[in-house]
file start38.txt (compact mmCIF, N, CA and C atoms)
# COMPACT_ATOMS: atom_id res chain seq x y z
N MET J 1 95.75 103.64 111.60
CA MET J 1 96.19 102.62 110.62
C MET J 1 97.53 102.02 111.06
N VAL J 2 97.59 100.71 111.10
CA VAL J 2 98.82 100.03 111.51
C VAL J 2 99.22 99.09 110.37
N VAL J 3 100.51 99.04 110.06
CA VAL J 3 100.97 98.03 109.10
C VAL J 3 101.82 97.01 109.86
N LEU J 4 101.33 95.76 109.89
CA LEU J 4 102.09 94.69 110.52
C LEU J 4 102.95 94.01 109.48
N ARG J 5 104.15 93.67 109.89
CA ARG J 5 105.01 92.88 109.02
C ARG J 5 105.09 91.49 109.63
N ILE J 6 104.56 90.50 108.93
CA ILE J 6 104.55 89.14 109.45
C ILE J 6 105.50 88.29 108.62
N THR J 7 106.51 87.74 109.28
CA THR J 7 107.52 86.93 108.59
C THR J 7 107.33 85.47 108.96
N VAL J 8 107.12 84.64 107.95
CA VAL J 8 106.92 83.21 108.17
C VAL J 8 108.12 82.46 107.60
N THR J 9 108.88 81.82 108.47
CA THR J 9 110.05 81.07 107.99
C THR J 9 109.92 79.61 108.42
N LEU J 10 110.76 78.78 107.83
CA LEU J 10 110.81 77.39 108.26
C LEU J 10 111.61 77.32 109.55
N LYS J 11 111.23 76.42 110.45
CA LYS J 11 112.03 76.22 111.66
C LYS J 11 113.43 75.77 111.27
N LYS J 12 114.37 76.08 112.14
CA LYS J 12 115.78 75.78 111.88
C LYS J 12 115.99 74.32 111.50
N ALA J 13 115.26 73.42 112.15
CA ALA J 13 115.47 71.99 111.94
C ALA J 13 114.89 71.49 110.62
N VAL J 14 114.10 72.35 109.95
CA VAL J 14 113.44 71.92 108.72
C VAL J 14 114.30 72.31 107.52
N GLU J 15 114.51 71.35 106.63
CA GLU J 15 115.30 71.58 105.41
C GLU J 15 114.68 72.69 104.57
N ASP J 16 115.49 73.69 104.21
CA ASP J 16 115.01 74.82 103.42
C ASP J 16 115.64 74.72 102.03
N SER J 17 114.91 74.07 101.13
CA SER J 17 115.52 73.78 99.82
C SER J 17 115.68 75.05 98.99
N GLU J 18 114.76 75.99 99.13
CA GLU J 18 114.91 77.24 98.38
C GLU J 18 116.16 78.00 98.87
N GLY J 19 116.33 78.04 100.19
CA GLY J 19 117.52 78.69 100.74
C GLY J 19 118.79 78.04 100.23
N SER J 20 118.81 76.70 100.19
CA SER J 20 120.00 75.99 99.70
C SER J 20 120.27 76.32 98.23
N SER J 21 119.20 76.41 97.44
CA SER J 21 119.37 76.73 96.02
C SER J 21 119.96 78.12 95.84
N VAL J 22 119.45 79.07 96.63
CA VAL J 22 119.97 80.44 96.53
C VAL J 22 121.44 80.48 96.96
N LEU J 23 121.75 79.75 98.01
CA LEU J 23 123.15 79.69 98.46
C LEU J 23 124.05 79.17 97.35
N LYS J 24 123.63 78.06 96.73
CA LYS J 24 124.42 77.48 95.63
C LYS J 24 124.59 78.47 94.49
N ALA J 25 123.49 79.14 94.14
CA ALA J 25 123.52 80.09 93.02
C ALA J 25 124.47 81.26 93.33
N LEU J 26 124.41 81.76 94.57
CA LEU J 26 125.30 82.89 94.93
C LEU J 26 126.76 82.45 94.88
N ARG J 27 127.02 81.22 95.32
CA ARG J 27 128.41 80.71 95.27
C ARG J 27 128.87 80.60 93.82
N LEU J 28 127.97 80.11 92.95
CA LEU J 28 128.31 79.99 91.53
C LEU J 28 128.59 81.36 90.91
N LEU J 29 127.91 82.38 91.43
CA LEU J 29 128.14 83.75 90.94
C LEU J 29 129.43 84.34 91.51
N GLY J 30 130.10 83.57 92.36
CA GLY J 30 131.41 84.02 92.86
C GLY J 30 131.39 84.61 94.26
N TYR J 31 130.25 84.59 94.92
CA TYR J 31 130.17 85.16 96.27
C TYR J 31 130.55 84.10 97.31
N ASP J 32 131.84 84.00 97.57
CA ASP J 32 132.33 82.98 98.49
C ASP J 32 132.13 83.36 99.96
N ASN J 33 131.74 84.62 100.17
CA ASN J 33 131.54 85.08 101.55
C ASN J 33 130.14 84.77 102.09
N VAL J 34 129.31 84.10 101.28
CA VAL J 34 127.96 83.75 101.74
C VAL J 34 128.03 82.41 102.48
N ARG J 35 127.54 82.42 103.71
CA ARG J 35 127.67 81.23 104.55
C ARG J 35 126.36 80.45 104.63
N GLU J 36 125.25 81.17 104.73
CA GLU J 36 123.96 80.49 104.87
C GLU J 36 122.86 81.35 104.28
N VAL J 37 121.83 80.72 103.71
CA VAL J 37 120.65 81.44 103.25
C VAL J 37 119.42 80.72 103.78
N ARG J 38 118.54 81.45 104.40
CA ARG J 38 117.24 80.91 104.82
C ARG J 38 116.17 81.74 104.13
N SER J 39 115.15 81.07 103.61
CA SER J 39 114.12 81.80 102.90
C SER J 39 112.82 81.78 103.69
N GLY J 40 111.92 82.65 103.32
CA GLY J 40 110.62 82.69 104.00
C GLY J 40 109.65 83.57 103.24
N LYS J 41 108.46 83.68 103.80
CA LYS J 41 107.43 84.54 103.21
C LYS J 41 107.22 85.74 104.12
N VAL J 42 106.83 86.85 103.51
CA VAL J 42 106.52 88.02 104.32
C VAL J 42 105.17 88.60 103.88
N TYR J 43 104.40 89.03 104.86
CA TYR J 43 103.09 89.65 104.58
C TYR J 43 103.05 91.01 105.25
N PHE J 44 102.69 92.03 104.50
CA PHE J 44 102.47 93.36 105.07
C PHE J 44 100.96 93.55 105.15
N ILE J 45 100.46 93.59 106.37
CA ILE J 45 99.02 93.62 106.59
C ILE J 45 98.62 94.96 107.20
N THR J 46 97.80 95.70 106.46
CA THR J 46 97.34 97.00 106.93
C THR J 46 96.03 96.84 107.67
N LEU J 47 96.01 97.30 108.92
CA LEU J 47 94.81 97.23 109.75
C LEU J 47 94.27 98.63 109.99
N THR J 48 92.95 98.77 109.98
CA THR J 48 92.37 100.07 110.31
C THR J 48 92.51 100.31 111.81
N LYS J 49 92.37 99.25 112.60
CA LYS J 49 92.71 99.35 114.02
C LYS J 49 93.20 97.98 114.48
N GLY J 50 93.90 97.94 115.59
CA GLY J 50 94.41 96.66 116.07
C GLY J 50 95.89 96.76 116.34
N SER J 51 96.47 95.65 116.73
CA SER J 51 97.86 95.68 117.16
C SER J 51 98.57 94.38 116.79
N LYS J 52 99.80 94.28 117.25
CA LYS J 52 100.65 93.11 117.05
C LYS J 52 99.94 91.81 117.43
N LYS J 53 99.09 91.90 118.44
CA LYS J 53 98.38 90.71 118.93
C LYS J 53 97.54 90.08 117.81
N ALA J 54 96.92 90.95 117.00
CA ALA J 54 96.13 90.47 115.87
C ALA J 54 97.02 89.68 114.92
N GLY J 55 98.25 90.16 114.72
CA GLY J 55 99.19 89.48 113.83
C GLY J 55 99.45 88.05 114.29
N LYS J 56 99.61 87.87 115.57
CA LYS J 56 99.84 86.52 116.12
C LYS J 56 98.65 85.61 115.79
N GLU J 57 97.44 86.18 115.89
CA GLU J 57 96.24 85.41 115.56
C GLU J 57 96.23 85.01 114.08
N PHE J 58 96.63 85.96 113.22
CA PHE J 58 96.65 85.65 111.78
C PHE J 58 97.60 84.49 111.50
N CYS J 59 98.75 84.50 112.19
CA CYS J 59 99.71 83.40 112.04
C CYS J 59 99.06 82.08 112.40
N GLU J 60 98.46 82.07 113.59
CA GLU J 60 97.91 80.81 114.11
C GLU J 60 96.76 80.30 113.26
N LYS J 61 95.92 81.23 112.79
CA LYS J 61 94.70 80.81 112.11
C LYS J 61 94.87 80.62 110.61
N LEU J 62 95.90 81.24 110.02
CA LEU J 62 95.95 81.21 108.55
C LEU J 62 97.35 81.06 107.96
N LEU J 63 98.30 81.86 108.43
CA LEU J 63 99.53 82.03 107.65
C LEU J 63 100.60 80.98 107.88
N ALA J 64 100.64 80.40 109.08
CA ALA J 64 101.76 79.52 109.40
C ALA J 64 101.30 78.13 109.81
N ASN J 65 102.11 77.16 109.52
CA ASN J 65 101.90 75.80 109.99
C ASN J 65 102.80 75.60 111.21
N PRO J 66 102.21 75.48 112.39
CA PRO J 66 103.03 75.45 113.61
C PRO J 66 104.00 74.27 113.69
N VAL J 67 103.76 73.26 112.89
CA VAL J 67 104.67 72.10 112.91
C VAL J 67 106.01 72.46 112.28
N ILE J 68 105.98 73.23 111.20
CA ILE J 68 107.22 73.51 110.48
C ILE J 68 107.62 74.98 110.45
N ASN J 69 106.68 75.87 110.77
CA ASN J 69 106.97 77.30 110.59
C ASN J 69 107.20 78.04 111.90
N GLU J 70 107.98 79.11 111.78
CA GLU J 70 108.07 80.13 112.82
C GLU J 70 107.44 81.39 112.26
N CYS J 71 106.81 82.16 113.13
CA CYS J 71 106.10 83.34 112.68
C CYS J 71 106.50 84.51 113.57
N VAL J 72 106.98 85.58 112.96
CA VAL J 72 107.39 86.76 113.73
C VAL J 72 106.57 87.95 113.26
N VAL J 73 106.01 88.68 114.22
CA VAL J 73 105.18 89.85 113.90
C VAL J 73 105.91 91.12 114.35
N ASP J 74 106.09 92.06 113.42
CA ASP J 74 106.66 93.36 113.77
C ASP J 74 105.68 94.45 113.35
N ASP J 75 105.73 95.58 114.06
CA ASP J 75 104.93 96.70 113.57
C ASP J 75 105.78 97.95 113.44
N MET B 76 130.63 88.45 111.11
CA MET B 76 129.45 87.81 110.50
C MET B 76 128.29 88.81 110.44
N VAL B 77 127.69 88.93 109.29
CA VAL B 77 126.56 89.85 109.10
C VAL B 77 125.39 89.04 108.59
N VAL B 78 124.19 89.31 109.11
CA VAL B 78 122.99 88.70 108.53
C VAL B 78 122.18 89.79 107.85
N LEU B 79 122.05 89.65 106.52
CA LEU B 79 121.23 90.59 105.76
C LEU B 79 119.82 90.04 105.65
N ARG B 80 118.87 90.93 105.77
CA ARG B 80 117.48 90.53 105.51
C ARG B 80 117.06 91.19 104.21
N ILE B 81 116.80 90.37 103.20
CA ILE B 81 116.43 90.91 101.89
C ILE B 81 114.96 90.61 101.64
N THR B 82 114.18 91.67 101.46
CA THR B 82 112.74 91.51 101.25
C THR B 82 112.41 91.83 99.80
N VAL B 83 111.82 90.86 99.12
CA VAL B 83 111.45 91.04 97.71
C VAL B 83 109.93 91.07 97.62
N THR B 84 109.39 92.21 97.21
CA THR B 84 107.93 92.32 97.06
C THR B 84 107.58 92.70 95.63
N LEU B 85 106.31 92.56 95.30
CA LEU B 85 105.85 93.04 94.01
C LEU B 85 105.70 94.56 94.08
N LYS B 86 105.98 95.24 92.97
CA LYS B 86 105.75 96.68 92.94
C LYS B 86 104.27 96.96 93.16
N LYS B 87 103.99 98.13 93.70
CA LYS B 87 102.61 98.51 94.03
C LYS B 87 101.65 98.32 92.85
N ALA B 88 102.13 98.63 91.66
CA ALA B 88 101.26 98.59 90.48
C ALA B 88 100.99 97.17 89.99
N VAL B 89 101.72 96.20 90.53
CA VAL B 89 101.56 94.82 90.06
C VAL B 89 100.56 94.09 90.94
N GLU B 90 99.64 93.42 90.30
CA GLU B 90 98.60 92.65 91.00
C GLU B 90 99.24 91.58 91.88
N ASP B 91 98.86 91.55 93.17
CA ASP B 91 99.41 90.59 94.12
C ASP B 91 98.31 89.61 94.49
N SER B 92 98.23 88.50 93.73
CA SER B 92 97.10 87.60 93.92
C SER B 92 97.17 86.86 95.25
N GLU B 93 98.39 86.56 95.71
CA GLU B 93 98.49 85.90 97.02
C GLU B 93 98.01 86.83 98.13
N GLY B 94 98.42 88.10 98.04
CA GLY B 94 97.96 89.08 99.02
C GLY B 94 96.44 89.19 99.03
N SER B 95 95.84 89.23 97.83
CA SER B 95 94.38 89.32 97.74
C SER B 95 93.71 88.10 98.37
N SER B 96 94.29 86.92 98.14
CA SER B 96 93.71 85.70 98.71
C SER B 96 93.76 85.73 100.23
N VAL B 97 94.90 86.19 100.76
CA VAL B 97 95.03 86.26 102.22
C VAL B 97 94.04 87.26 102.79
N LEU B 98 93.89 88.40 102.10
CA LEU B 98 92.91 89.41 102.54
C LEU B 98 91.51 88.80 102.60
N LYS B 99 91.12 88.11 101.52
CA LYS B 99 89.79 87.48 101.49
C LYS B 99 89.62 86.48 102.63
N ALA B 100 90.66 85.67 102.83
CA ALA B 100 90.59 84.64 103.87
C ALA B 100 90.45 85.27 105.26
N LEU B 101 91.21 86.34 105.51
CA LEU B 101 91.13 86.99 106.83
C LEU B 101 89.75 87.60 107.04
N ARG B 102 89.17 88.16 105.97
CA ARG B 102 87.82 88.73 106.08
C ARG B 102 86.81 87.62 106.38
N LEU B 103 86.99 86.47 105.70
CA LEU B 103 86.08 85.34 105.94
C LEU B 103 86.20 84.84 107.37
N LEU B 104 87.39 84.98 107.96
CA LEU B 104 87.59 84.58 109.35
C LEU B 104 87.03 85.62 110.32
N GLY B 105 86.50 86.71 109.77
CA GLY B 105 85.84 87.70 110.62
C GLY B 105 86.68 88.93 110.94
N TYR B 106 87.86 89.04 110.35
CA TYR B 106 88.70 90.20 110.64
C TYR B 106 88.36 91.34 109.69
N ASP B 107 87.38 92.14 110.09
CA ASP B 107 86.92 93.23 109.22
C ASP B 107 87.84 94.44 109.27
N ASN B 108 88.77 94.42 110.20
CA ASN B 108 89.70 95.56 110.33
C ASN B 108 90.91 95.45 109.40
N VAL B 109 90.96 94.39 108.59
CA VAL B 109 92.08 94.25 107.66
C VAL B 109 91.77 95.00 106.37
N ARG B 110 92.65 95.90 105.99
CA ARG B 110 92.38 96.76 104.84
C ARG B 110 93.14 96.30 103.60
N GLU B 111 94.40 95.88 103.79
CA GLU B 111 95.19 95.48 102.63
C GLU B 111 96.23 94.44 103.05
N VAL B 112 96.54 93.52 102.15
CA VAL B 112 97.62 92.56 102.40
C VAL B 112 98.51 92.54 101.17
N ARG B 113 99.81 92.70 101.39
CA ARG B 113 100.78 92.55 100.31
C ARG B 113 101.72 91.42 100.72
N SER B 114 102.04 90.55 99.79
CA SER B 114 102.92 89.42 100.13
C SER B 114 104.28 89.58 99.47
N GLY B 115 105.22 88.84 99.95
CA GLY B 115 106.56 88.89 99.36
C GLY B 115 107.42 87.75 99.87
N LYS B 116 108.66 87.74 99.40
CA LYS B 116 109.62 86.73 99.84
C LYS B 116 110.68 87.42 100.71
N VAL B 117 111.20 86.64 101.66
CA VAL B 117 112.28 87.20 102.46
C VAL B 117 113.44 86.20 102.50
N TYR B 118 114.65 86.72 102.44
CA TYR B 118 115.85 85.89 102.50
C TYR B 118 116.75 86.42 103.62
N PHE B 119 117.17 85.53 104.51
CA PHE B 119 118.15 85.90 105.53
C PHE B 119 119.48 85.32 105.09
N ILE B 120 120.40 86.20 104.74
CA ILE B 120 121.66 85.77 104.14
C ILE B 120 122.80 86.09 105.09
N THR B 121 123.49 85.05 105.54
CA THR B 121 124.61 85.22 106.46
C THR B 121 125.90 85.34 105.66
N LEU B 122 126.62 86.44 105.89
CA LEU B 122 127.90 86.67 105.21
C LEU B 122 129.03 86.59 106.22
N THR B 123 130.14 86.02 105.82
CA THR B 123 131.30 86.01 106.71
C THR B 123 131.91 87.41 106.77
N LYS B 124 131.88 88.11 105.64
CA LYS B 124 132.22 89.54 105.65
C LYS B 124 131.42 90.21 104.54
N GLY B 125 131.29 91.53 104.63
CA GLY B 125 130.52 92.22 103.61
C GLY B 125 129.48 93.10 104.25
N SER B 126 128.69 93.75 103.42
CA SER B 126 127.75 94.74 103.94
C SER B 126 126.47 94.75 103.12
N LYS B 127 125.62 95.71 103.46
CA LYS B 127 124.36 95.94 102.78
C LYS B 127 124.51 96.03 101.26
N LYS B 128 125.66 96.59 100.83
CA LYS B 128 125.91 96.78 99.40
C LYS B 128 125.87 95.42 98.67
N ALA B 129 126.42 94.40 99.32
CA ALA B 129 126.39 93.05 98.74
C ALA B 129 124.95 92.61 98.54
N GLY B 130 124.10 92.93 99.49
CA GLY B 130 122.68 92.56 99.39
C GLY B 130 122.04 93.14 98.15
N LYS B 131 122.36 94.39 97.85
CA LYS B 131 121.81 95.04 96.64
C LYS B 131 122.25 94.28 95.39
N GLU B 132 123.50 93.83 95.40
CA GLU B 132 124.00 93.04 94.26
C GLU B 132 123.25 91.72 94.12
N PHE B 133 122.99 91.07 95.27
CA PHE B 133 122.26 89.79 95.22
C PHE B 133 120.87 90.00 94.60
N CYS B 134 120.24 91.11 94.97
CA CYS B 134 118.93 91.44 94.39
C CYS B 134 119.02 91.54 92.88
N GLU B 135 120.00 92.36 92.44
CA GLU B 135 120.11 92.65 91.02
C GLU B 135 120.47 91.41 90.20
N LYS B 136 121.36 90.57 90.78
CA LYS B 136 121.88 89.46 90.00
C LYS B 136 121.06 88.18 90.13
N LEU B 137 120.27 88.06 91.19
CA LEU B 137 119.61 86.77 91.41
C LEU B 137 118.18 86.84 91.93
N LEU B 138 117.94 87.64 92.96
CA LEU B 138 116.71 87.46 93.73
C LEU B 138 115.48 88.18 93.18
N ALA B 139 115.69 89.29 92.49
CA ALA B 139 114.54 90.10 92.09
C ALA B 139 114.50 90.34 90.60
N ASN B 140 113.29 90.46 90.09
CA ASN B 140 113.07 90.86 88.70
C ASN B 140 112.75 92.35 88.71
N PRO B 141 113.66 93.18 88.18
CA PRO B 141 113.47 94.63 88.31
C PRO B 141 112.22 95.16 87.63
N VAL B 142 111.66 94.39 86.74
CA VAL B 142 110.43 94.84 86.06
C VAL B 142 109.25 94.83 87.03
N ILE B 143 109.16 93.81 87.86
CA ILE B 143 107.98 93.69 88.72
C ILE B 143 108.28 93.76 90.21
N ASN B 144 109.55 93.61 90.60
CA ASN B 144 109.86 93.52 92.03
C ASN B 144 110.52 94.76 92.60
N GLU B 145 110.29 94.93 93.90
CA GLU B 145 111.08 95.86 94.70
C GLU B 145 111.91 95.04 95.67
N CYS B 146 113.11 95.52 95.97
CA CYS B 146 114.00 94.75 96.82
C CYS B 146 114.54 95.68 97.91
N VAL B 147 114.36 95.28 99.16
CA VAL B 147 114.84 96.10 100.28
C VAL B 147 115.83 95.28 101.10
N VAL B 148 116.99 95.87 101.38
CA VAL B 148 118.03 95.18 102.15
C VAL B 148 118.16 95.83 103.52
N ASP B 149 118.05 95.04 104.58
CA ASP B 149 118.30 95.53 105.94
C ASP B 149 119.39 94.70 106.58
N ASP B 150 120.13 95.31 107.51
CA ASP B 150 121.08 94.48 108.26
C ASP B 150 120.87 94.66 109.76

call {"tool": "encode", "arguments": {"input": "start38.txt", "output": "structure tokens"}}
result
Amino acid sequence: MVVLRITVTLKKAVEDSEGSSVLKALRLLGYDNVREVRSGKVYFITLTKGSKKAGKEFCEKLLANPVINECVVDD
Amino acid sequence: MVVLRITVTLKKAVEDSEGSSVLKALRLLGYDNVREVRSGKVYFITLTKGSKKAGKEFCEKLLANPVINECVVDD
């Protein structure tokens, strides 16, 4: 059994409005030491067999839009 | 400069409809080796100074609902 952690984020060049909102909110709460926030989605995928390579396929075929997203697979 | 990775997921007991949808979709794509999918949000927060402890505060004050969410901070 393998658990893959797949993180889908927006590419650096793409405006991340959720990240900006969180940044603003943290500043309003008084956290002046926060410089940047980037948001994303994470999927924990349990496989009966397989490897990181399968995770890359899941990104390409389902989870990420290659135009705007970056996809990182960890196990 | 520290970059915290904050992962917010639904607690195990809470129905994760996005995870279920992804599981169904992967099965339809022919991936029979996928057993479970859990989804969540991830935030990469850059601090000019501070530590993991700040991340826990961000969870409590802004990012997570303690009734349904789990929050994990990594640096």

call {"tool": "residues_near_point", "arguments": {"input": "start38.txt", "point": "(104.0, 85.8, 104.6)", "cutoff": "6 Å", "atoms": "only N, CA and C atoms", "output": "list in words"}}
result
Ile6, Thr7, Val8, Lys41, Val42 and Tyr43 of chain J; Ser114 and Gly115 of chain B

call {"tool": "select_by_dssp", "arguments": {"input": "start38.txt", "residues": "range 4-73 of chain J", "states": "strand (DSSP E or B)", "output": "JSON, numbers by chain"}}
result
{"J": [4, 5, 6, 7, 8, 9, 10, 34, 35, 36, 37, 38, 39, 40, 41, 42, 43, 44, 45, 46, 47, 69, 70, 71, 72, 73]}

call {"tool": "write_last_selection", "arguments": {"input": "start38.txt", "atoms": "N, CA and C atoms", "output": "PDB file, in the frame of the given file"}}
result
ATOM      1  N   LEU J   4     101.330  95.760 109.890  1.00  0.00           N
ATOM      2  CA  LEU J   4     102.090  94.690 110.520  1.00  0.00           C
ATOM      3  C   LEU J   4     102.950  94.010 109.480  1.00  0.00           C
ATOM      4  N   ARG J   5     104.150  93.670 109.890  1.00  0.00           N
ATOM      5  CA  ARG J   5     105.010  92.880 109.020  1.00  0.00           C
ATOM      6  C   ARG J   5     105.090  91.490 109.630  1.00  0.00           C
ATOM      7  N   ILE J   6     104.560  90.500 108.930  1.00  0.00           N
ATOM      8  CA  ILE J   6     104.550  89.140 109.450  1.00  0.00           C
ATOM      9  C   ILE J   6     105.500  88.290 108.620  1.00  0.00           C
ATOM     10  N   THR J   7     106.510  87.740 109.280  1.00  0.00           N
ATOM     11  CA  THR J   7     107.520  86.930 108.590  1.00  0.00           C
ATOM     12  C   THR J   7     107.330  85.470 108.960  1.00  0.00           C
ATOM     13  N   VAL J   8     107.120  84.640 107.950  1.00  0.00           N
ATOM     14  CA  VAL J   8     106.920  83.210 108.170  1.00  0.00           C
ATOM     15  C   VAL J   8     108.120  82.460 107.600  1.00  0.00           C
ATOM     16  N   THR J   9     108.880  81.820 108.470  1.00  0.00           N
ATOM     17  CA  THR J   9     110.050  81.070 107.990  1.00  0.00           C
ATOM     18  C   THR J   9     109.920  79.610 108.420  1.00  0.00           C
ATOM     19  N   LEU J  10     110.760  78.780 107.830  1.00  0.00           N
ATOM     20  CA  LEU J  10     110.810  77.390 108.260  1.00  0.00           C
ATOM     21  C   LEU J  10     111.610  77.320 109.550  1.00  0.00           C
ATOM     22  N   VAL J  34     129.310  84.100 101.280  1.00  0.00           N
ATOM     23  CA  VAL J  34     127.960  83.750 101.740  1.00  0.00           C
ATOM     24  C   VAL J  34     128.030  82.410 102.480  1.00  0.00           C
ATOM     25  N   ARG J  35     127.540  82.420 103.710  1.00  0.00           N
ATOM     26  CA  ARG J  35     127.670  81.230 104.550  1.00  0.00           C
ATOM     27  C   ARG J  35     126.360  80.450 104.630  1.00  0.00           C
ATOM     28  N   GLU J  36     125.250  81.170 104.730  1.00  0.00           N
ATOM     29  CA  GLU J  36     123.960  80.490 104.870  1.00  0.00           C
ATOM     30  C   GLU J  36     122.860  81.350 104.280  1.00  0.00           C
ATOM     31  N   VAL J  37     121.830  80.720 103.710  1.00  0.00           N
ATOM     32  CA  VAL J  37     120.650  81.440 103.250  1.00  0.00           C
ATOM     33  C   VAL J  37     119.420  80.720 103.780  1.00  0.00           C
ATOM     34  N   ARG J  38     118.540  81.450 104.400  1.00  0.00           N
ATOM     35  CA  ARG J  38     117.240  80.910 104.820  1.00  0.00           C
ATOM     36  C   ARG J  38     116.170  81.740 104.130  1.00  0.00           C
ATOM     37  N   SER J  39     115.150  81.070 103.610  1.00  0.00           N
ATOM     38  CA  SER J  39     114.120  81.800 102.900  1.00  0.00           C
ATOM     39  C   SER J  39     112.820  81.780 103.690  1.00  0.00           C
ATOM     40  N   GLY J  40     111.920  82.650 103.320  1.00  0.00           N
ATOM     41  CA  GLY J  40     110.620  82.690 104.000  1.00  0.00           C
ATOM     42  C   GLY J  40     109.650  83.570 103.240  1.00  0.00           C
ATOM     43  N   LYS J  41     108.460  83.680 103.800  1.00  0.00           N
ATOM     44  CA  LYS J  41     107.430  84.540 103.210  1.00  0.00           C
ATOM     45  C   LYS J  41     107.220  85.740 104.120  1.00  0.00           C
ATOM     46  N   VAL J  42     106.830  86.850 103.510  1.00  0.00           N
ATOM     47  CA  VAL J  42     106.520  88.020 104.320  1.00  0.00           C
ATOM     48  C   VAL J  42     105.170  88.600 103.880  1.00  0.00           C
ATOM     49  N   TYR J  43     104.400  89.030 104.860  1.00  0.00           N
ATOM     50  CA  TYR J  43     103.090  89.650 104.580  1.00  0.00           C
ATOM     51  C   TYR J  43     103.050  91.010 105.250  1.00  0.00           C
ATOM     52  N   PHE J  44     102.690  92.030 104.500  1.00  0.00           N
ATOM     53  CA  PHE J  44     102.470  93.360 105.070  1.00  0.00           C
ATOM     54  C   PHE J  44     100.960  93.550 105.150  1.00  0.00           C
ATOM     55  N   ILE J  45     100.460  93.590 106.370  1.00  0.00           N
ATOM     56  CA  ILE J  45      99.020  93.620 106.590  1.00  0.00           C
ATOM     57  C   ILE J  45      98.620  94.960 107.200  1.00  0.00           C
ATOM     58  N   THR J  46      97.800  95.700 106.460  1.00  0.00           N
ATOM     59  CA  THR J  46      97.340  97.000 106.930  1.00  0.00           C
ATOM     60  C   THR J  46      96.030  96.840 107.670  1.00  0.00           C
ATOM     61  N   LEU J  47      96.010  97.300 108.920  1.00  0.00           N
ATOM     62  CA  LEU J  47      94.810  97.230 109.750  1.00  0.00           C
ATOM     63  C   LEU J  47      94.270  98.630 109.990  1.00  0.00           C
ATOM     64  N   ASN J  69     106.680  75.870 110.770  1.00  0.00           N
ATOM     65  CA  ASN J  69     106.970  77.300 110.590  1.00  0.00           C
ATOM     66  C   ASN J  69     107.200  78.040 111.900  1.00  0.00           C
ATOM     67  N   GLU J  70     107.980  79.110 111.780  1.00  0.00           N
ATOM     68  CA  GLU J  70     108.070  80.130 112.820  1.00  0.00           C
ATOM     69  C   GLU J  70     107.440  81.390 112.260  1.00  0.00           C
ATOM     70  N   CYS J  71     106.810  82.160 113.130  1.00  0.00           N
ATOM     71  CA  CYS J  71     106.100  83.340 112.680  1.00  0.00           C
ATOM     72  C   CYS J  71     106.500  84.510 113.570  1.00  0.00           C
ATOM     73  N   VAL J  72     106.980  85.580 112.960  1.00  0.00           N
ATOM     74  CA  VAL J  72     107.390  86.760 113.730  1.00  0.00           C
ATOM     75  C   VAL J  72     106.570  87.950 113.260  1.00  0.00           C
ATOM     76  N   VAL J  73     106.010  88.680 114.220  1.00  0.00           N
ATOM     77  CA  VAL J  73     105.180  89.850 113.900  1.00  0.00           C
ATOM     78  C   VAL J  73     105.910  91.120 114.350  1.00  0.00           C
TER      79      VAL J  73
END

call {"tool": "closest_residue", "arguments": {"input": "start38.txt", "among": "B:Lys128, B:Lys87, B:Arg113, B:Arg80", "to": "chain J", "atoms": "only C-alpha atoms"}}
result
B:Arg113

call {"tool": "interface_residues", "arguments": {"input": "start38.txt", "of": "chain B", "to": "chain J", "cutoff": "8 Å", "atoms": "only C-alpha atoms", "output": "list in words"}}
result
Thr82, Gly94, Ala100, Leu101, Asn108, Val109, Arg110, Glu111, Val112, Arg113, Ser114, Gly115, Lys116, Val117, Tyr118, Phe119, Ile120, Thr121, Leu122, Thr123, Lys124, Gly125, Phe133 and Leu137 of chain B

call {"tool": "axis_aligned_box", "arguments": {"input": "start38.txt", "around": "range 139-144 of chain B", "padding_each_side": "8 Å", "output": "lines of an AutoDock Vina configuration file"}}
result
center_x = 111.8
center_y = 92.2
center_z = 89.3
size_x = 23.7
size_y = 21.9
size_z = 22.5

call {"tool": "select_by_dssp", "arguments": {"input": "start38.txt", "residues": "range 9-74 of chain J", "states": "helix (DSSP H, G or I)", "output": "list in words"}}
result
Ser17, Glu18, Gly19, Ser20, Ser21, Val22, Leu23, Lys24, Ala25, Leu26, Arg27, Leu28, Lys52, Lys53, Ala54, Gly55, Lys56, Glu57, Phe58, Cys59, Glu60, Lys61, Leu62 and Leu63 of chain J

call {"tool": "atom_distance", "arguments": {"input": "start38.txt", "atom1": "atom C of Arg27 in chain J", "atom2": "atom N of Glu132 in chain B"}}
result
14.4 Å

call {"tool": "atom_distance", "arguments": {"input": "start38.txt", "atom1": "atom C of Ser92 in chain B", "atom2": "atom C of Ser51 in chain J"}}
result
22.9 Å

call {"tool": "atom_distance", "arguments": {"input": "start38.txt", "atom1": "atom C of Lys99 in chain B", "atom2": "atom N of Cys59 in chain J"}}
result
13.4 Å

call {"tool": "residues_near_point", "arguments": {"input": "start38.txt", "point": "(113.1, 74.8, 112.0)", "cutoff": "10 Å", "atoms": "only C-alpha atoms", "output": "list of chain:residue names"}}
result
J:Thr9, J:Leu10, J:Lys11, J:Lys12, J:Ala13, J:Val14, J:Glu15, J:Asp16, J:Val67, J:Ile68, J:Asn69, J:Glu70
